[in-house]
$ cat work13.tsv   # TSV, C-alpha atoms
chain	number	residue	atom	x	y	z
A	1	MET	CA	0.00	0.00	0.00
A	2	PRO	CA	1.45	3.41	-0.88
A	3	VAL	CA	2.37	5.53	2.09
A	4	HIS	CA	0.05	8.38	1.19
A	5	GLU	CA	-2.85	5.95	1.16
A	6	ALA	CA	-1.76	4.49	4.44
A	7	MET	CA	-1.85	7.97	5.93
A	8	LEU	CA	-5.54	8.15	5.35
A	9	MET	CA	-6.23	4.83	7.00
A	10	PRO	CA	-7.55	4.95	10.54
A	11	PRO	CA	-4.83	4.32	13.09
A	12	THR	CA	-4.66	0.85	14.59
A	13	ARG	CA	-1.94	1.15	17.18
A	14	ARG	CA	-2.66	1.83	20.84
A	15	ASP	CA	-6.24	2.80	20.19
A	16	PRO	CA	-8.51	3.10	23.21
A	17	PRO	CA	-10.78	0.11	23.59
A	18	LYS	CA	-13.74	0.40	21.30
A	19	PRO	CA	-17.18	-0.78	22.29
A	20	GLY	CA	-18.22	-4.05	20.80
A	21	PRO	CA	-21.46	-4.57	18.94
A	22	ARG	CA	-24.39	-4.15	21.25
A	23	ASP	CA	-28.08	-3.67	20.92
A	24	SER	CA	-29.58	-0.79	19.05
A	25	LEU	CA	-29.91	1.24	22.25
A	26	ASN	CA	-26.24	2.02	21.96
A	27	ASP	CA	-26.39	4.17	18.89
A	28	GLU	CA	-25.20	7.71	19.32
A	29	SER	CA	-28.52	9.51	19.42
A	30	ARG	CA	-29.88	7.22	22.11
A	31	LEU	CA	-26.70	7.62	24.09
A	32	LEU	CA	-27.12	11.36	23.82
A	33	VAL	CA	-30.70	11.24	25.08
A	34	ARG	CA	-29.68	9.08	28.02
A	35	SER	CA	-26.73	11.35	28.75
A	36	ARG	CA	-28.99	14.39	28.80
A	37	ASN	CA	-31.06	12.63	31.44
A	38	GLY	CA	-28.01	12.26	33.63
A	39	ASP	CA	-27.00	8.74	32.62
A	40	HIS	CA	-23.25	8.70	33.26
A	41	GLU	CA	-22.85	5.27	31.77
A	42	ALA	CA	-24.20	6.45	28.44
A	43	PHE	CA	-21.94	9.47	28.45
A	44	GLY	CA	-19.04	7.22	29.38
A	45	GLU	CA	-19.69	5.32	26.17
A	46	LEU	CA	-19.52	8.57	24.21
A	47	VAL	CA	-16.29	9.46	25.98
A	48	GLN	CA	-14.78	6.14	25.06
A	49	ARG	CA	-15.67	6.60	21.42
A	50	ASN	CA	-14.21	10.10	21.15
A	51	GLN	CA	-11.44	10.49	23.70
A	52	ARG	CA	-8.56	9.61	21.40
A	53	ARG	CA	-9.73	11.99	18.70
A	54	LEU	CA	-10.10	14.81	21.22
A	55	TRP	CA	-6.73	14.12	22.76
A	56	LEU	CA	-5.10	14.27	19.32
A	57	VAL	CA	-6.76	17.64	18.71
A	58	CYS	CA	-5.63	19.04	22.06
A	59	ARG	CA	-2.18	17.60	21.44
A	60	GLN	CA	-1.73	19.84	18.41
A	61	TYR	CA	-2.50	23.01	20.32
A	62	LEU	CA	-1.05	22.45	23.78
A	63	GLY	CA	1.47	19.64	23.59
A	64	ALA	CA	1.43	16.24	25.20
A	65	ASP	CA	1.73	17.49	28.77
A	66	GLU	CA	-1.39	19.63	28.69
A	67	ALA	CA	-3.43	17.63	26.21
A	68	ASP	CA	-4.73	15.19	28.80
A	69	ALA	CA	-6.10	17.93	31.08
A	70	ALA	CA	-7.59	19.81	28.14
A	71	THR	CA	-9.28	16.64	26.91
A	72	GLN	CA	-10.84	16.06	30.31
A	73	ASP	CA	-11.97	19.67	30.53
A	74	SER	CA	-13.54	19.41	27.10
A	75	PHE	CA	-15.60	16.36	28.01
A	76	VAL	CA	-16.82	17.91	31.26
A	77	LYS	CA	-17.83	21.05	29.36
A	78	ALA	CA	-19.58	18.95	26.77
A	79	TYR	CA	-21.54	17.09	29.43
A	80	THR	CA	-22.69	20.22	31.22
A	81	ASN	CA	-23.71	21.80	27.91
A	82	LEU	CA	-25.32	18.78	26.30
A	83	HIS	CA	-28.65	20.59	26.05
A	84	SER	CA	-27.07	23.09	23.66
A	85	PHE	CA	-26.09	20.39	21.17
A	86	ASP	CA	-28.64	20.88	18.41
A	87	GLY	CA	-27.61	17.99	16.18
A	88	CYS	CA	-26.83	20.23	13.21
A	89	SER	CA	-23.38	18.68	13.05
A	90	ALA	CA	-22.04	15.32	14.14
A	91	PHE	CA	-21.53	14.93	17.86
A	92	SER	CA	-17.83	14.27	17.30
A	93	THR	CA	-17.49	17.53	15.37
A	94	TRP	CA	-19.28	19.40	18.16
A	95	LEU	CA	-16.86	17.86	20.65
A	96	THR	CA	-13.92	18.84	18.46
A	97	ARG	CA	-15.09	22.42	18.44
A	98	ILE	CA	-15.34	22.43	22.23
A	99	ALA	CA	-11.83	20.99	22.46
A	100	ILE	CA	-10.41	23.61	20.12
A	101	ASN	CA	-12.08	26.41	22.07
A	102	THR	CA	-10.78	24.95	25.33
A	103	CYS	CA	-7.25	24.90	23.93
A	104	LEU	CA	-7.51	28.43	22.55
A	105	ASP	CA	-8.79	29.65	25.93
A	106	GLU	CA	-5.78	28.03	27.58
A	107	LEU	CA	-3.42	29.65	25.10
A	108	ARG	CA	-5.04	33.04	25.70
A	109	ARG	CA	-4.70	32.53	29.45
A	110	ARG	CA	-1.02	31.77	29.04
A	111	LYS	CA	-0.58	34.85	26.93
A	112	ARG	CA	-2.40	37.03	29.49
A	113	GLU	CA	-0.24	35.70	32.27
A	114	GLY	CA	2.89	36.33	30.26
A	115	LEU	CA	3.70	32.69	29.75
A	116	ARG	CA	5.49	31.68	26.59
A	117	VAL	CA	3.26	30.60	23.73
A	118	ASP	CA	5.38	28.76	21.21
A	119	PRO	CA	4.16	28.52	17.60
A	120	GLY	CA	5.67	25.05	17.68
A	121	GLN	CA	3.45	24.21	20.63
A	122	GLY	CA	2.09	20.74	20.52
A	123	LEU	CA	5.18	19.33	18.94
A	124	ASP	CA	7.67	16.99	20.40
A	125	THR	CA	10.46	19.54	20.68
A	126	GLU	CA	11.95	18.45	23.93
A	127	PRO	CA	13.59	15.24	25.10
A	128	ASP	CA	11.54	12.87	27.23
A	129	ALA	CA	11.87	12.62	30.96
A	130	ASP	CA	14.33	9.79	30.47
A	131	GLY	CA	16.53	12.12	28.45
A	132	LEU	CA	16.03	10.34	25.15
A	133	ASP	CA	15.18	12.20	21.98
A	134	PRO	CA	11.61	11.20	21.08
A	135	LEU	CA	12.80	10.70	17.53
A	136	ASP	CA	14.70	7.69	18.72
A	137	ARG	CA	11.39	5.99	19.27
A	138	VAL	CA	10.40	6.30	15.64
A	139	ALA	CA	11.02	3.91	12.81
A	140	ASP	CA	12.99	1.40	14.83
A	141	GLU	CA	12.01	-1.11	12.22
A	142	GLY	CA	13.98	0.85	9.60
A	143	PRO	CA	16.64	-0.78	7.51
A	144	GLY	CA	19.63	0.56	9.35
A	145	PRO	CA	21.12	3.21	11.58
A	146	GLU	CA	22.03	5.44	8.66
A	147	ASP	CA	18.50	5.51	7.34
A	148	ARG	CA	17.14	6.09	10.81
A	149	ALA	CA	19.49	8.99	11.27
A	150	MET	CA	18.39	10.49	7.97
A	151	GLN	CA	14.78	10.09	8.92
A	152	ARG	CA	15.37	11.75	12.27
A	153	GLN	CA	16.97	14.63	10.49
A	154	ALA	CA	14.09	14.90	8.05
A	155	VAL	CA	11.47	14.83	10.77
A	156	ALA	CA	13.35	17.47	12.73
A	157	ARG	CA	13.38	19.71	9.68
A	158	LEU	CA	9.71	19.10	9.05
A	159	ARG	CA	9.03	20.07	12.64
A	160	HIS	CA	11.02	23.25	12.20
A	161	CYS	CA	9.31	24.15	8.93
A	162	GLU	CA	5.88	23.53	10.41
A	163	ALA	CA	6.53	26.08	13.12
A	164	GLY	CA	7.18	28.64	10.40
A	165	LEU	CA	3.84	28.16	8.67
A	166	PRO	CA	1.17	30.85	8.96
A	167	GLU	CA	-1.02	30.09	11.95
A	168	ARG	CA	-4.10	29.04	10.02
A	169	GLN	CA	-2.15	26.81	7.65
A	170	ARG	CA	-0.32	25.17	10.52
A	171	GLU	CA	-3.58	24.58	12.40
A	172	ILE	CA	-5.30	22.98	9.43
A	173	PHE	CA	-2.24	20.96	8.50
A	174	ARG	CA	-1.99	19.47	11.99
A	175	LEU	CA	-5.71	18.81	12.35
A	176	ARG	CA	-5.69	16.99	9.03
A	177	PHE	CA	-2.54	14.89	9.36
A	178	TYR	CA	-1.95	14.50	13.09
A	179	SER	CA	-5.49	14.66	14.48
A	180	GLU	CA	-6.80	12.66	11.52
A	181	LEU	CA	-9.86	14.84	11.01
A	182	GLU	CA	-11.68	14.82	7.70
A	183	LEU	CA	-11.75	18.01	5.66
A	184	ASP	CA	-15.42	18.70	6.35
A	185	GLN	CA	-14.90	18.10	10.06
A	186	ILE	CA	-12.10	20.66	10.07
A	187	ALA	CA	-14.27	23.13	8.21
A	188	THR	CA	-17.15	22.74	10.66
A	189	ALA	CA	-14.93	22.79	13.73
A	190	LEU	CA	-13.15	25.95	12.64
A	191	GLY	CA	-16.27	27.56	11.18
A	192	VAL	CA	-14.79	28.02	7.69
A	193	HIS	CA	-15.75	26.83	4.23
A	194	ILE	CA	-14.36	23.52	3.12
A	195	GLY	CA	-12.80	25.25	0.13
A	196	THR	CA	-10.77	27.36	2.55
A	197	VAL	CA	-9.58	24.21	4.29
A	198	LYS	CA	-8.47	22.67	0.98
A	199	THR	CA	-6.69	25.83	-0.11
A	200	GLN	CA	-4.86	26.31	3.18
A	201	LEU	CA	-3.93	22.65	3.36
A	202	HIS	CA	-2.55	22.66	-0.19
A	203	ARG	CA	-0.55	25.80	0.51
A	204	ALA	CA	0.84	24.36	3.72
A	205	VAL	CA	1.95	21.13	2.07
A	206	HIS	CA	3.41	22.94	-0.90
A	207	ARG	CA	5.33	25.33	1.29
A	208	LEU	CA	6.66	22.50	3.43
A	209	ARG	CA	7.73	20.53	0.36
A	210	THR	CA	9.45	23.59	-1.05
A	211	GLU	CA	11.30	24.31	2.19
A	212	LEU	CA	12.25	20.71	2.80
A	213	GLY	CA	13.86	20.53	-0.62
A	214	ASP	CA	15.62	17.23	-1.17
A	215	LEU	CA	14.24	15.74	2.05
A	216	ARG	CA	10.67	15.73	0.86
B	217	MET	CA	-5.09	22.43	-10.83
B	218	THR	CA	-3.29	22.80	-14.13
B	219	THR	CA	-4.16	20.92	-17.26
B	220	HIS	CA	-1.92	17.93	-17.42
B	221	PRO	CA	-0.97	15.71	-20.31
B	222	SER	CA	-0.88	12.18	-19.00
B	223	ASP	CA	2.59	11.43	-20.41
B	224	GLN	CA	4.30	14.19	-18.42
B	225	HIS	CA	5.27	14.13	-14.76
B	226	LEU	CA	3.15	16.08	-12.30
B	227	ASP	CA	4.29	19.57	-11.49
B	228	GLU	CA	5.08	20.57	-7.90
B	229	ARG	CA	1.64	21.91	-7.15
B	230	ASP	CA	-0.07	18.76	-8.30
B	231	LEU	CA	2.39	16.70	-6.29
B	232	SER	CA	1.58	18.82	-3.23
B	233	ALA	CA	-2.12	18.27	-3.85
B	234	ALA	CA	-1.54	14.54	-3.98
B	235	VAL	CA	0.45	14.65	-0.74
B	236	ALA	CA	-2.32	16.66	0.89
B	237	GLY	CA	-4.83	13.99	-0.07
B	238	LEU	CA	-6.46	16.33	-2.56
B	239	ASP	CA	-5.64	14.12	-5.53
B	240	LEU	CA	-9.34	13.69	-6.22
B	241	ASP	CA	-9.32	17.35	-7.17
B	242	LEU	CA	-6.69	16.70	-9.81
B	243	GLU	CA	-7.68	16.33	-13.41
B	244	ASP	CA	-8.31	12.86	-14.70
B	245	ALA	CA	-5.12	12.86	-16.75
B	246	ALA	CA	-3.02	13.81	-13.73
B	247	ARG	CA	-4.62	11.14	-11.59
B	248	HIS	CA	-4.07	8.54	-14.28
B	249	HIS	CA	-0.47	9.60	-14.60
B	250	LEU	CA	0.04	9.42	-10.84
B	251	ALA	CA	-1.36	5.94	-10.77
B	252	ALA	CA	0.97	4.80	-13.53
B	253	CYS	CA	4.18	6.78	-12.94
B	254	LEU	CA	6.60	5.29	-10.44
B	255	THR	CA	8.68	8.47	-10.26
B	256	CYS	CA	5.77	10.70	-9.30
B	257	ARG	CA	4.42	8.14	-6.84
B	258	ARG	CA	7.79	7.93	-5.13
B	259	ARG	CA	7.91	11.68	-4.71
B	260	VAL	CA	4.44	11.72	-3.22
B	261	ASP	CA	5.23	8.77	-0.98
B	262	ALA	CA	8.44	10.39	0.25
B	263	ALA	CA	6.63	13.48	1.51
B	264	ALA	CA	3.71	11.49	2.85
B	265	GLY	CA	6.08	9.11	4.61
B	266	LEU	CA	7.81	12.00	6.31
B	267	ILE	CA	4.52	13.33	7.61
B	268	GLN	CA	3.56	9.85	8.74
B	269	ALA	CA	6.81	9.50	10.65
B	270	ARG	CA	6.04	12.77	12.34
B	271	ARG	CA	2.56	11.53	13.21
B	272	ASP	CA	3.92	8.27	14.59
B	273	LEU	CA	6.22	10.25	16.79
B	274	GLN	CA	3.23	11.91	18.43
B	275	ARG	CA	1.71	8.54	19.17
B	276	THR	CA	4.55	7.66	21.48
B	277	ASP	CA	3.16	9.78	24.29
B	278	GLU	CA	-0.50	8.82	24.20
B	279	PRO	CA	-1.98	8.69	27.67
B	280	ASP	CA	-3.49	5.73	29.47
B	281	TRP	CA	-6.95	5.81	27.95
B	282	GLN	CA	-8.62	3.88	30.75
B	283	ALA	CA	-7.19	6.19	33.38
B	284	GLN	CA	-8.26	9.22	31.39
B	285	HIS	CA	-11.76	7.77	31.06
B	286	ARG	CA	-11.98	7.22	34.81
B	287	SER	CA	-10.80	10.78	35.51
B	288	ILE	CA	-13.41	12.24	33.17
B	289	MET	CA	-16.22	10.20	34.70
B	290	ALA	CA	-15.16	11.21	38.20
B	291	ARG	CA	-15.33	14.87	37.23
B	292	LEU	CA	-18.84	14.77	35.80
B	293	PRO	CA	-21.40	16.61	37.91
B	294	ALA	CA	-23.90	14.36	39.61
B	295	ALA	CA	-26.88	16.34	38.35
B	296	ALA	CA	-28.22	15.89	34.87
B	297	PRO	CA	-27.11	18.53	32.39
B	298	GLU	CA	-30.72	19.61	32.08
B	299	ALA	CA	-34.00	18.72	33.74
B	300	PRO	CA	-34.44	14.98	33.36
B	301	VAL	CA	-37.52	13.44	31.87
B	302	GLU	CA	-39.89	12.87	34.76
B	303	ARG	CA	-40.50	9.23	35.55
B	304	PRO	CA	-42.62	7.84	38.37
B	305	ASN	CA	-40.91	6.04	41.26
B	306	GLU	CA	-37.66	7.75	40.60
B	307	PRO	CA	-35.81	8.99	43.67
B	308	THR	CA	-35.43	12.36	42.07
B	309	THR	CA	-39.21	12.58	41.64
B	310	ILE	CA	-39.84	11.68	45.25
B	311	LEU	CA	-37.32	14.15	46.51
B	312	ALA	CA	-38.62	16.85	44.25
B	313	TRP	CA	-42.25	16.88	45.35
B	314	PRO	CA	-41.83	19.08	48.47
B	315	ALA	CA	-40.20	21.73	46.39
B	316	ARG	CA	-43.00	21.53	43.86
B	317	LEU	CA	-45.60	21.71	46.67
B	318	LEU	CA	-43.94	24.76	48.14
B	319	SER	CA	-43.92	26.28	44.75
B	320	GLN	CA	-47.64	25.54	44.27
B	321	ARG	CA	-48.45	26.93	47.70
B	322	SER	CA	-46.70	30.14	47.06
B	323	ALA	CA	-48.56	30.40	43.77
B	324	HIS	CA	-51.87	29.89	45.57
B	325	ARG	CA	-50.94	32.50	48.14
B	326	SER	CA	-50.22	34.96	45.43
B	327	LEU	CA	-53.58	34.30	43.82
B	328	LEU	CA	-55.40	34.72	47.12
B	329	ALA	CA	-53.62	37.96	47.87
B	330	ALA	CA	-54.49	39.28	44.44
B	331	ALA	CA	-58.14	38.33	44.85
B	332	ALA	CA	-58.32	39.99	48.28
B	333	ALA	CA	-56.77	43.16	46.96
B	334	LEU	CA	-59.27	43.17	44.11
B	335	ILE	CA	-62.21	42.85	46.48
B	336	VAL	CA	-60.97	45.63	48.76
B	337	ALA	CA	-60.42	47.89	45.78
B	338	ALA	CA	-63.90	47.19	44.46
B	339	GLY	CA	-65.42	47.98	47.87
B	340	LEU	CA	-63.56	51.23	48.20
B	341	LEU	CA	-64.60	52.17	44.71
B	342	ALA	CA	-68.21	51.45	45.43
B	343	LEU	CA	-68.09	53.59	48.57
B	344	THR	CA	-66.49	56.51	46.83
B	345	ARG	CA	-68.72	56.77	43.77
B	346	PRO	CA	-70.85	59.91	44.34
B	347	TRP	CA	-71.99	60.09	40.75
B	348	LEU	CA	-74.25	57.12	41.03
B	349	PRO	CA	-77.92	57.82	42.15
B	350	VAL	CA	-78.90	56.52	45.53
B	351	ARG	CA	-81.51	53.86	45.12
B	352	ALA	CA	-84.17	52.99	47.66
B	353	PRO	CA	-83.55	49.66	49.06
B	354	THR	CA	-85.72	47.07	47.45
B	355	ILE	CA	-87.68	44.99	49.90
B	356	THR	CA	-88.98	41.62	48.95
B	357	ALA	CA	-92.39	40.34	49.90
B	358	ALA	CA	-90.93	38.01	52.40
B	359	GLU	CA	-89.44	40.92	54.29
B	360	VAL	CA	-92.90	42.83	54.75
B	361	PRO	CA	-94.44	42.24	58.23
B	362	VAL	CA	-97.97	41.77	56.97
B	363	GLU	CA	-99.41	40.48	60.20
B	364	ASP	CA	-98.02	43.35	62.21
B	365	ILE	CA	-99.40	45.90	59.82
B	366	LEU	CA	-102.85	44.35	59.82
B	367	ALA	CA	-102.89	44.23	63.59
B	368	GLU	CA	-101.94	47.84	63.75
B	369	VAL	CA	-104.67	48.79	61.29
B	370	ASP	CA	-107.24	46.89	63.33
B	371	ALA	CA	-106.17	48.71	66.45
B	372	MET	CA	-106.50	52.06	64.74
B	373	LEU	CA	-109.93	51.21	63.42
B	374	ALA	CA	-111.03	50.10	66.80
B	375	GLU	CA	-110.18	53.41	68.28
B	376	ASP	CA	-111.73	55.40	65.46
B	377	GLN	CA	-115.33	56.71	66.35
B	378	LEU	CA	-116.56	57.92	63.01
B	379	PRO	CA	-120.34	58.56	63.06
B	380	GLY	CA	-121.07	56.90	59.77
B	381	PHE	CA	-119.91	53.77	61.28
B	382	GLU	CA	-122.04	54.00	64.42
B	383	PRO	CA	-124.42	51.10	64.83
B	384	LEU	CA	-128.05	51.76	64.36
B	385	ASP	CA	-130.19	52.54	67.43
B	386	PRO	CA	-131.91	49.32	68.41
B	387	ILE	CA	-135.05	51.23	69.34
B	388	VAL	CA	-135.34	52.70	65.90
B	389	PRO	CA	-138.10	50.90	64.04
B	390	ASP	CA	-137.24	48.89	61.03
B	391	LEU	CA	-137.81	49.94	57.48
B	392	GLU	CA	-141.45	48.81	57.26
B	393	GLU	CA	-142.37	50.78	60.28
B	394	ILE	CA	-140.79	53.90	58.87
B	395	GLN	CA	-142.60	53.49	55.60
B	396	ALA	CA	-145.90	53.00	57.38
B	397	HIS	CA	-145.29	56.08	59.45
B	398	TYR	CA	-144.73	58.21	56.40
B	399	THR	CA	-147.78	56.69	54.67
B	400	HIS	CA	-150.03	57.64	57.52
B	401	ASN	CA	-148.80	61.16	57.48
B	402	GLY	CA	-149.60	61.42	53.70
B	403	ALA	CA	-146.15	62.32	52.73
B	404	SER	CA	-145.68	59.82	49.82

$ encode --input "work13.tsv" --output "structure tokens"
Amino acid sequence: MPVHEAMLMPPTRRDPPKPGPRDSLNDESRLLVRSRNGDHEAFGELVQRNQRRLWLVCRQYLGADEADAATQDSFVKAYTNLHSFDGCSAFSTWLTRIAINTCLDELRRRKREGLRVDPGQGLDTEPDADGLDPLDRVADEGPGPEDRAMQRQAVARLRHCEAGLPERQREIFRLRFYSELELDQIATALGVHIGTVKTQLHRAVHRLRTELGDLR
Amino acid sequence: MTTHPSDQHLDERDLSAAVAGLDLDLEDAARHHLAACLTCRRRVDAAAGLIQARRDLQRTDEPDWQAQHRSIMARLPAAAPEAPVERPNEPTTILAWPARLLSQRSAHRSLLAAAAALIVAAGLLALTRPWLPVRAPTITAAEVPVEDILAEVDAMLAEDQLPGFEPLDPIVPDLEEIQAHYTHNGAS
């Protein structure tokens, strides 16, 4: 399978446990009705179905350290505001929008309090607690140390180039490739036309390919 | 996207579109070329592979999903996000009835107070309306003391000594005697 096709496949590694097939009561709309009536178990099912997606969204804005807390905040906000979900969009898209707003609020708070807001936020720019470069964890199955070193170098350059993208392009690029959102989901979550998403995504990729040069 | 002859390699913009997953927006000729051309596919795969490596890197720090799920559930407020659908025999229903009763009582009190105020206002208005004519009180037949009036009339008549009502003198002769008297005197 070509790599660019594999990119579009749903991830299979370390996914949260997915609910098995159950009776028809477990479809999303019924779960929503039960959740609105205070049924925590039903909402827990919705959490389980969406938590990885939301974490990946928060990860792009706040980084790994803060993504967990932001994900939890987003779900609690969603629960307390369930009555305002009108069903005009998919529930997962509504959740994504809440998560994005939660992250943007956090970034604004940091800015107000004079904390550093890095355009490369959400990226793996620092070594792990064990002192290892996170890039060492990638592509261990590669053909050899030379190739792995080249790939580490390429990923580091991609990371650097990403940080230099215009804010909107960087946001859409990350939501598409790292949060694995569909184009229409991005458009709805950001409140823009899908044509805008396509244009910004194309520009981001083209700019990255141009800057990466022979590494692309 | 630009018009593309199928025997030429894709230009950079079309390659970027393919990397971005927008290859469906390419022209048919470009898509056919991409499917057939190993060189172009390699260039697309190289960029896509780099992005994928970057994405895989982010997966290395995914949290413990079960622990995250437990934390979220523990943080949910106990109350329903909005008023739950009322069902009989539910603890919430049983606990809620005193509040509803209090609410109903206060509503009743308000209504009673409003009615009382209305009555008082109407009374005051009636007392202070000088423009209306004063009407004699209407008395029903049941309220007339007929017996008392008749008794009073009888008493008055008993005391009244009108001459026209005096009884005739018993020594006065009757009508035939009077007629005979006048006949003898030659008056008729």

$ atom_distance --input "work13.tsv" --atom1 "atom CA of Leu240 of chain B" --atom2 "atom CA of Ile267 of chain B"
19.6 Å

$ residues_around --input "work13.tsv" --residues "Ala252 of chain B" --least-positions-apart "5" --cutoff "12 Å" --atoms "all atoms listed in the file" --output "list in words"
Ser222, Asp223, Gln224, His225, Leu226, Ala245, Ala246, Arg247, Arg257 and Arg258 of chain B

$ interface_residues --input "work13.tsv" --of "chain B" --to "chain A" --cutoff "8 Å" --atoms "all atoms listed in the file" --output "CSV table (one decimal) with C-alpha atoms, keeping the file's coordinate frame"
chain,number,residue,atom,x,y,z
B,228,GLU,CA,5.1,20.6,-7.9
B,229,ARG,CA,1.6,21.9,-7.2
B,232,SER,CA,1.6,18.8,-3.2
B,233,ALA,CA,-2.1,18.3,-3.8
B,235,VAL,CA,0.4,14.6,-0.7
B,236,ALA,CA,-2.3,16.7,0.9
B,237,GLY,CA,-4.8,14.0,-0.1
B,238,LEU,CA,-6.5,16.3,-2.6
B,259,ARG,CA,7.9,11.7,-4.7
B,260,VAL,CA,4.4,11.7,-3.2
B,261,ASP,CA,5.2,8.8,-1.0
B,262,ALA,CA,8.4,10.4,0.2
B,263,ALA,CA,6.6,13.5,1.5
B,264,ALA,CA,3.7,11.5,2.8
B,265,GLY,CA,6.1,9.1,4.6
B,266,LEU,CA,7.8,12.0,6.3
B,267,ILE,CA,4.5,13.3,7.6
B,268,GLN,CA,3.6,9.8,8.7
B,269,ALA,CA,6.8,9.5,10.6
B,270,ARG,CA,6.0,12.8,12.3
B,271,ARG,CA,2.6,11.5,13.2
B,272,ASP,CA,3.9,8.3,14.6
B,273,LEU,CA,6.2,10.2,16.8
B,274,GLN,CA,3.2,11.9,18.4
B,276,THR,CA,4.6,7.7,21.5
B,277,ASP,CA,3.2,9.8,24.3
B,278,GLU,CA,-0.5,8.8,24.2
B,279,PRO,CA,-2.0,8.7,27.7
B,281,TRP,CA,-7.0,5.8,28.0
B,282,GLN,CA,-8.6,3.9,30.8
B,284,GLN,CA,-8.3,9.2,31.4
B,285,HIS,CA,-11.8,7.8,31.1
B,287,SER,CA,-10.8,10.8,35.5
B,288,ILE,CA,-13.4,12.2,33.2
B,289,MET,CA,-16.2,10.2,34.7
B,291,ARG,CA,-15.3,14.9,37.2
B,292,LEU,CA,-18.8,14.8,35.8
B,293,PRO,CA,-21.4,16.6,37.9
B,294,ALA,CA,-23.9,14.4,39.6
B,295,ALA,CA,-26.9,16.3,38.4
B,296,ALA,CA,-28.2,15.9,34.9
B,297,PRO,CA,-27.1,18.5,32.4
B,298,GLU,CA,-30.7,19.6,32.1
B,299,ALA,CA,-34.0,18.7,33.7
B,300,PRO,CA,-34.4,15.0,33.4
B,301,VAL,CA,-37.5,13.4,31.9

$ atom_distance --input "work13.tsv" --atom1 "atom CA of Gly144 of chain A" --atom2 "atom CA of Glu162 of chain A"
26.8 Å

$ closest_residue --input "work13.tsv" --among "A:Arg170, A:Gly87, A:Val57, A:Ala163" --to "Leu32 of chain A" --atoms "all atoms listed in the file"
A:Gly87

$ atom_distance --input "work13.tsv" --atom1 "atom CA of Lys111 of chain A" --atom2 "atom CA of Thr196 of chain A"
27.5 Å

$ decode --input "work13.tsv" --residues "segment 95-106 of chain A" --atoms "N, CA and C atoms" --output "compact mmCIF listing (two decimals), in the first residue's frame"
# COMPACT_ATOMS: atom_id res chain seq x y z
N LEU A 95 -17.89 18.06 19.62
CA LEU A 95 -16.86 17.86 20.65
C LEU A 95 -15.53 18.48 20.23
N THR A 96 -15.18 18.29 18.96
CA THR A 96 -13.92 18.84 18.46
C THR A 96 -13.89 20.35 18.61
N ARG A 97 -15.02 20.96 18.32
CA ARG A 97 -15.09 22.42 18.44
C ARG A 97 -14.90 22.85 19.89
N ILE A 98 -15.52 22.12 20.81
CA ILE A 98 -15.34 22.43 22.23
C ILE A 98 -13.87 22.28 22.62
N ALA A 99 -13.24 21.22 22.13
CA ALA A 99 -11.83 20.99 22.46
C ALA A 99 -10.95 22.11 21.92
N ILE A 100 -11.20 22.53 20.70
CA ILE A 100 -10.41 23.61 20.12
C ILE A 100 -10.59 24.89 20.92
N ASN A 101 -11.84 25.20 21.28
CA ASN A 101 -12.08 26.41 22.07
C ASN A 101 -11.41 26.32 23.44
N THR A 102 -11.45 25.13 24.03
CA THR A 102 -10.78 24.95 25.33
C THR A 102 -9.29 25.22 25.20
N CYS A 103 -8.69 24.70 24.14
CA CYS A 103 -7.25 24.90 23.93
C CYS A 103 -6.93 26.37 23.66
N LEU A 104 -7.77 27.02 22.85
CA LEU A 104 -7.51 28.43 22.55
C LEU A 104 -7.66 29.28 23.81
N ASP A 105 -8.65 28.93 24.66
CA ASP A 105 -8.79 29.65 25.93
C ASP A 105 -7.53 29.49 26.77
N GLU A 106 -6.99 28.28 26.80
CA GLU A 106 -5.78 28.03 27.58
C GLU A 106 -4.60 28.83 27.03
